[in-house]
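Pasted below: work-v8.txt, compact mmCIF, N, CA and C atoms.
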# COMPACT_ATOMS: atom_id res chain seq x y z
N MET A 1 -5.26 16.65 -20.67
CA MET A 1 -5.48 15.73 -21.77
C MET A 1 -4.62 16.17 -22.94
N ASP A 2 -4.18 15.19 -23.71
CA ASP A 2 -3.44 15.54 -24.91
C ASP A 2 -4.25 15.13 -26.14
N ASN A 3 -3.62 15.06 -27.28
CA ASN A 3 -4.34 14.82 -28.52
C ASN A 3 -4.47 13.34 -28.87
N ALA A 4 -4.32 12.46 -27.92
CA ALA A 4 -4.45 11.02 -28.20
C ALA A 4 -5.87 10.72 -28.67
N PRO A 5 -6.02 9.95 -29.74
CA PRO A 5 -7.35 9.69 -30.29
C PRO A 5 -8.25 8.89 -29.35
N ALA A 6 -7.70 8.23 -28.38
CA ALA A 6 -8.52 7.44 -27.45
C ALA A 6 -9.24 8.30 -26.42
N HIS A 7 -8.80 9.53 -26.24
CA HIS A 7 -9.42 10.40 -25.24
C HIS A 7 -10.75 10.94 -25.76
N PRO A 8 -11.78 10.92 -24.91
CA PRO A 8 -13.08 11.50 -25.31
C PRO A 8 -12.99 13.02 -25.39
N ASP A 9 -14.01 13.64 -25.97
CA ASP A 9 -13.99 15.09 -26.09
C ASP A 9 -14.21 15.75 -24.72
N VAL A 10 -13.92 17.04 -24.65
CA VAL A 10 -13.95 17.76 -23.38
C VAL A 10 -15.36 17.81 -22.79
N GLU A 11 -16.40 17.88 -23.62
CA GLU A 11 -17.77 17.92 -23.12
C GLU A 11 -18.12 16.63 -22.37
N THR A 12 -17.62 15.53 -22.85
CA THR A 12 -17.88 14.24 -22.21
C THR A 12 -17.19 14.16 -20.85
N LEU A 13 -16.03 14.75 -20.74
CA LEU A 13 -15.24 14.64 -19.52
C LEU A 13 -15.59 15.65 -18.44
N ASN A 14 -16.08 16.80 -18.82
CA ASN A 14 -16.39 17.84 -17.82
C ASN A 14 -17.58 17.43 -16.96
N ALA A 15 -17.46 17.64 -15.69
CA ALA A 15 -18.52 17.37 -14.73
C ALA A 15 -18.49 18.48 -13.69
N GLU A 16 -19.41 18.41 -12.72
CA GLU A 16 -19.46 19.44 -11.69
C GLU A 16 -18.13 19.57 -10.94
N ASN A 17 -17.53 18.44 -10.61
CA ASN A 17 -16.32 18.47 -9.79
C ASN A 17 -15.04 18.19 -10.59
N ILE A 18 -15.15 18.17 -11.92
CA ILE A 18 -13.98 17.89 -12.76
C ILE A 18 -13.90 18.96 -13.84
N ASN A 19 -12.72 19.53 -13.99
CA ASN A 19 -12.50 20.50 -15.06
C ASN A 19 -11.39 19.96 -15.94
N CYS A 20 -11.71 19.64 -17.15
CA CYS A 20 -10.76 19.04 -18.08
C CYS A 20 -10.30 20.09 -19.08
N ILE A 21 -8.98 20.17 -19.27
CA ILE A 21 -8.44 21.06 -20.29
C ILE A 21 -7.54 20.25 -21.20
N PHE A 22 -7.46 20.65 -22.44
CA PHE A 22 -6.58 19.98 -23.38
C PHE A 22 -5.26 20.71 -23.45
N MET A 23 -4.19 19.95 -23.55
CA MET A 23 -2.84 20.50 -23.61
C MET A 23 -2.42 20.63 -25.07
N PRO A 24 -1.46 21.51 -25.35
CA PRO A 24 -0.96 21.64 -26.72
C PRO A 24 -0.35 20.32 -27.20
N ARG A 25 -0.30 20.17 -28.50
CA ARG A 25 0.27 18.95 -29.09
C ARG A 25 1.75 18.79 -28.72
N ASN A 26 2.16 17.54 -28.65
CA ASN A 26 3.57 17.16 -28.47
C ASN A 26 4.22 17.79 -27.24
N ILE A 27 3.49 17.90 -26.17
CA ILE A 27 4.03 18.48 -24.94
C ILE A 27 4.22 17.41 -23.86
N THR A 28 3.81 16.17 -24.15
CA THR A 28 3.86 15.14 -23.12
C THR A 28 5.27 14.86 -22.63
N THR A 29 6.27 14.97 -23.49
CA THR A 29 7.63 14.69 -23.02
C THR A 29 8.10 15.73 -22.01
N ILE A 30 7.53 16.92 -22.07
CA ILE A 30 7.88 17.96 -21.09
C ILE A 30 7.13 17.74 -19.78
N LEU A 31 5.83 17.45 -19.89
CA LEU A 31 4.99 17.31 -18.70
C LEU A 31 5.06 15.93 -18.07
N GLN A 32 5.31 14.93 -18.89
CA GLN A 32 5.33 13.55 -18.38
C GLN A 32 6.71 12.97 -18.64
N SER A 33 7.60 13.17 -17.72
CA SER A 33 8.98 12.72 -17.93
C SER A 33 9.09 11.21 -18.08
N MET A 34 8.12 10.46 -17.54
CA MET A 34 8.14 9.00 -17.68
C MET A 34 7.90 8.59 -19.13
N ASP A 35 7.42 9.52 -19.94
CA ASP A 35 7.14 9.24 -21.33
C ASP A 35 8.42 9.12 -22.16
N GLN A 36 9.55 9.43 -21.57
CA GLN A 36 10.80 9.47 -22.30
C GLN A 36 11.53 8.13 -22.29
N GLY A 37 10.84 7.07 -22.53
CA GLY A 37 11.48 5.77 -22.68
C GLY A 37 11.16 4.78 -21.59
N VAL A 38 10.86 5.24 -20.39
CA VAL A 38 10.59 4.32 -19.28
C VAL A 38 9.31 3.54 -19.55
N ILE A 39 8.26 4.25 -19.94
CA ILE A 39 6.99 3.59 -20.20
C ILE A 39 7.11 2.68 -21.42
N GLU A 40 7.80 3.15 -22.45
CA GLU A 40 7.98 2.34 -23.66
C GLU A 40 8.71 1.04 -23.32
N SER A 41 9.74 1.12 -22.52
CA SER A 41 10.49 -0.06 -22.11
C SER A 41 9.62 -1.02 -21.30
N MET A 42 8.83 -0.47 -20.38
CA MET A 42 7.95 -1.31 -19.56
C MET A 42 6.92 -2.01 -20.44
N LYS A 43 6.35 -1.29 -21.41
CA LYS A 43 5.36 -1.89 -22.31
C LYS A 43 5.98 -3.02 -23.13
N ARG A 44 7.20 -2.80 -23.60
CA ARG A 44 7.88 -3.82 -24.40
C ARG A 44 8.10 -5.09 -23.58
N HIS A 45 8.56 -4.93 -22.34
CA HIS A 45 8.78 -6.09 -21.48
C HIS A 45 7.46 -6.77 -21.11
N TYR A 46 6.42 -5.99 -20.89
CA TYR A 46 5.10 -6.55 -20.57
C TYR A 46 4.58 -7.38 -21.74
N ARG A 47 4.66 -6.83 -22.95
CA ARG A 47 4.19 -7.57 -24.13
C ARG A 47 4.98 -8.86 -24.32
N LYS A 48 6.28 -8.80 -24.06
CA LYS A 48 7.12 -9.99 -24.18
C LYS A 48 6.66 -11.06 -23.18
N GLN A 49 6.36 -10.65 -21.95
CA GLN A 49 5.89 -11.60 -20.95
C GLN A 49 4.52 -12.15 -21.31
N LEU A 50 3.66 -11.29 -21.84
CA LEU A 50 2.33 -11.72 -22.24
C LEU A 50 2.42 -12.79 -23.34
N LEU A 51 3.26 -12.55 -24.33
CA LEU A 51 3.43 -13.53 -25.40
C LEU A 51 4.07 -14.81 -24.88
N SER A 52 5.05 -14.68 -24.00
CA SER A 52 5.68 -15.87 -23.42
C SER A 52 4.67 -16.70 -22.66
N LYS A 53 3.84 -16.03 -21.88
CA LYS A 53 2.81 -16.73 -21.11
C LYS A 53 1.84 -17.45 -22.06
N PHE A 54 1.48 -16.79 -23.14
CA PHE A 54 0.56 -17.39 -24.11
C PHE A 54 1.17 -18.64 -24.74
N PHE A 55 2.42 -18.54 -25.18
CA PHE A 55 3.04 -19.67 -25.88
C PHE A 55 3.47 -20.79 -24.95
N LEU A 56 3.63 -20.50 -23.65
CA LEU A 56 4.01 -21.54 -22.71
C LEU A 56 2.82 -22.33 -22.19
N GLU A 57 1.60 -21.80 -22.40
CA GLU A 57 0.40 -22.51 -21.96
C GLU A 57 0.30 -23.83 -22.72
N ASP A 58 -0.29 -24.82 -22.06
CA ASP A 58 -0.47 -26.11 -22.72
C ASP A 58 -1.31 -25.94 -23.97
N ASP A 59 -0.85 -26.54 -25.05
CA ASP A 59 -1.55 -26.46 -26.33
C ASP A 59 -1.89 -27.87 -26.77
N ASP A 60 -3.19 -28.13 -26.90
CA ASP A 60 -3.57 -29.46 -27.35
C ASP A 60 -3.51 -29.58 -28.87
N GLY A 61 -3.23 -28.48 -29.56
CA GLY A 61 -3.02 -28.52 -31.00
C GLY A 61 -4.27 -28.63 -31.83
N GLU A 62 -5.42 -28.80 -31.22
CA GLU A 62 -6.64 -29.01 -31.98
C GLU A 62 -7.42 -27.72 -32.20
N GLU A 63 -7.22 -26.75 -31.35
CA GLU A 63 -7.98 -25.51 -31.46
C GLU A 63 -7.34 -24.57 -32.47
N GLU A 64 -8.19 -23.80 -33.11
CA GLU A 64 -7.72 -22.78 -34.02
C GLU A 64 -6.99 -21.70 -33.22
N ALA A 65 -5.98 -21.09 -33.82
CA ALA A 65 -5.17 -20.09 -33.12
C ALA A 65 -6.02 -18.93 -32.60
N GLU A 66 -6.96 -18.46 -33.40
CA GLU A 66 -7.80 -17.34 -32.98
C GLU A 66 -8.62 -17.70 -31.75
N CYS A 67 -9.12 -18.92 -31.71
CA CYS A 67 -9.90 -19.41 -30.57
C CYS A 67 -9.02 -19.46 -29.31
N ARG A 68 -7.80 -19.93 -29.46
CA ARG A 68 -6.88 -20.01 -28.33
C ARG A 68 -6.56 -18.64 -27.78
N ILE A 69 -6.38 -17.66 -28.67
CA ILE A 69 -6.06 -16.30 -28.23
C ILE A 69 -7.21 -15.73 -27.41
N VAL A 70 -8.43 -15.90 -27.91
CA VAL A 70 -9.60 -15.39 -27.20
C VAL A 70 -9.72 -16.05 -25.83
N GLN A 71 -9.55 -17.36 -25.78
CA GLN A 71 -9.64 -18.08 -24.50
C GLN A 71 -8.54 -17.62 -23.54
N PHE A 72 -7.35 -17.44 -24.06
CA PHE A 72 -6.23 -16.99 -23.23
C PHE A 72 -6.52 -15.62 -22.63
N LEU A 73 -6.97 -14.70 -23.45
CA LEU A 73 -7.24 -13.34 -22.97
C LEU A 73 -8.40 -13.30 -21.98
N ARG A 74 -9.39 -14.14 -22.19
CA ARG A 74 -10.52 -14.19 -21.25
C ARG A 74 -10.10 -14.76 -19.90
N ALA A 75 -9.17 -15.69 -19.92
CA ALA A 75 -8.71 -16.32 -18.67
C ALA A 75 -7.71 -15.44 -17.91
N LEU A 76 -7.12 -14.48 -18.59
CA LEU A 76 -6.14 -13.60 -17.98
C LEU A 76 -6.81 -12.70 -16.95
N THR A 77 -6.27 -12.69 -15.74
CA THR A 77 -6.87 -11.89 -14.68
C THR A 77 -6.07 -10.60 -14.47
N LEU A 78 -6.67 -9.68 -13.77
CA LEU A 78 -5.98 -8.45 -13.42
C LEU A 78 -4.75 -8.75 -12.57
N LYS A 79 -4.87 -9.75 -11.72
CA LYS A 79 -3.74 -10.17 -10.88
C LYS A 79 -2.58 -10.64 -11.76
N ASP A 80 -2.88 -11.43 -12.80
CA ASP A 80 -1.84 -11.88 -13.73
C ASP A 80 -1.14 -10.67 -14.36
N CYS A 81 -1.93 -9.70 -14.78
CA CYS A 81 -1.37 -8.50 -15.43
C CYS A 81 -0.48 -7.72 -14.47
N VAL A 82 -0.92 -7.59 -13.23
CA VAL A 82 -0.12 -6.86 -12.23
C VAL A 82 1.21 -7.56 -12.01
N TYR A 83 1.19 -8.89 -11.92
CA TYR A 83 2.44 -9.63 -11.75
C TYR A 83 3.36 -9.45 -12.95
N MET A 84 2.79 -9.45 -14.16
CA MET A 84 3.62 -9.26 -15.35
C MET A 84 4.20 -7.85 -15.39
N ILE A 85 3.42 -6.85 -14.98
CA ILE A 85 3.93 -5.48 -14.92
C ILE A 85 5.06 -5.39 -13.90
N ASN A 86 4.90 -6.07 -12.77
CA ASN A 86 5.95 -6.09 -11.75
C ASN A 86 7.23 -6.70 -12.30
N GLU A 87 7.11 -7.77 -13.07
CA GLU A 87 8.28 -8.41 -13.65
C GLU A 87 8.91 -7.55 -14.75
N ALA A 88 8.09 -6.75 -15.42
CA ALA A 88 8.60 -5.91 -16.51
C ALA A 88 9.52 -4.85 -15.93

Before we go any further, please render this structure as structure tokens.
Amino acid sequence: MDNAPAHPDVETLNAENINCIFMPRNITTILQSMDQGVIESMKRHYRKQLLSKFFLEDDDGEEEAECRIVQFLRALTLKDCVYMINEA
């Protein structure tokens, strides 16, 4: 584990069959070579596809933008996400 704020504390993660240790700060580029631009590039392409998919959906123009976003995200399936990651 690294120092990302989304990670839970070590007490939460430790279990009988799991031993969690925290790594020193700023070491991910050494341990995770994919962190050196490949993941960033994939995320950028994925977000671009996600936005394209959102704006290409039929819009009846009557719904508020926030409502449309919520509906779009609720309708998005894991399969859709996998296909977008594949395209990224």

>> Please report the interatomic distance between CA of Val10 (chain A) and CA of Glu40 (chain A) in Å with one decimal.
In response: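 About the pair CA of Val10 (chain A) and CA of Glu40 (chain A): they are 26.8 Å apart.
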
> Distance CA of Pro5 (chain A)-CA of Met23 (chain A), one decimal place?
Replying inline: 13.5 Å

Using only C-alpha atoms, I'd like a table of the residues in region 20-60 of chain A that come within 9 Å of region 69-86 of chain A; for each, show the closest atom pair and its distance in Å rounded to one decimal, ordered by chain and ascending number, as a Markdown table.
| residue | atom | partner | partner_atom | distance |
| --- | --- | --- | --- | --- |
| A:Met42 | CA | A:Ile85 | CA | 7.4 |
| A:Lys43 | CA | A:Ile85 | CA | 8.3 |
| A:His45 | CA | A:Ile85 | CA | 8.2 |
| A:Tyr46 | CA | A:Ile85 | CA | 5.9 |
| A:Arg47 | CA | A:Met84 | CA | 9.0 |
| A:Gln49 | CA | A:Met84 | CA | 6.5 |
| A:Leu50 | CA | A:Met84 | CA | 7.4 |
| A:Phe54 | CA | A:Phe72 | CA | 6.9 |
| A:Glu57 | CA | A:Phe72 | CA | 8.7 |

> What is the CA of Ala88 (chain A) to CA of Ser33 (chain A) distance in Å?
Replying inline: 18.7 Å
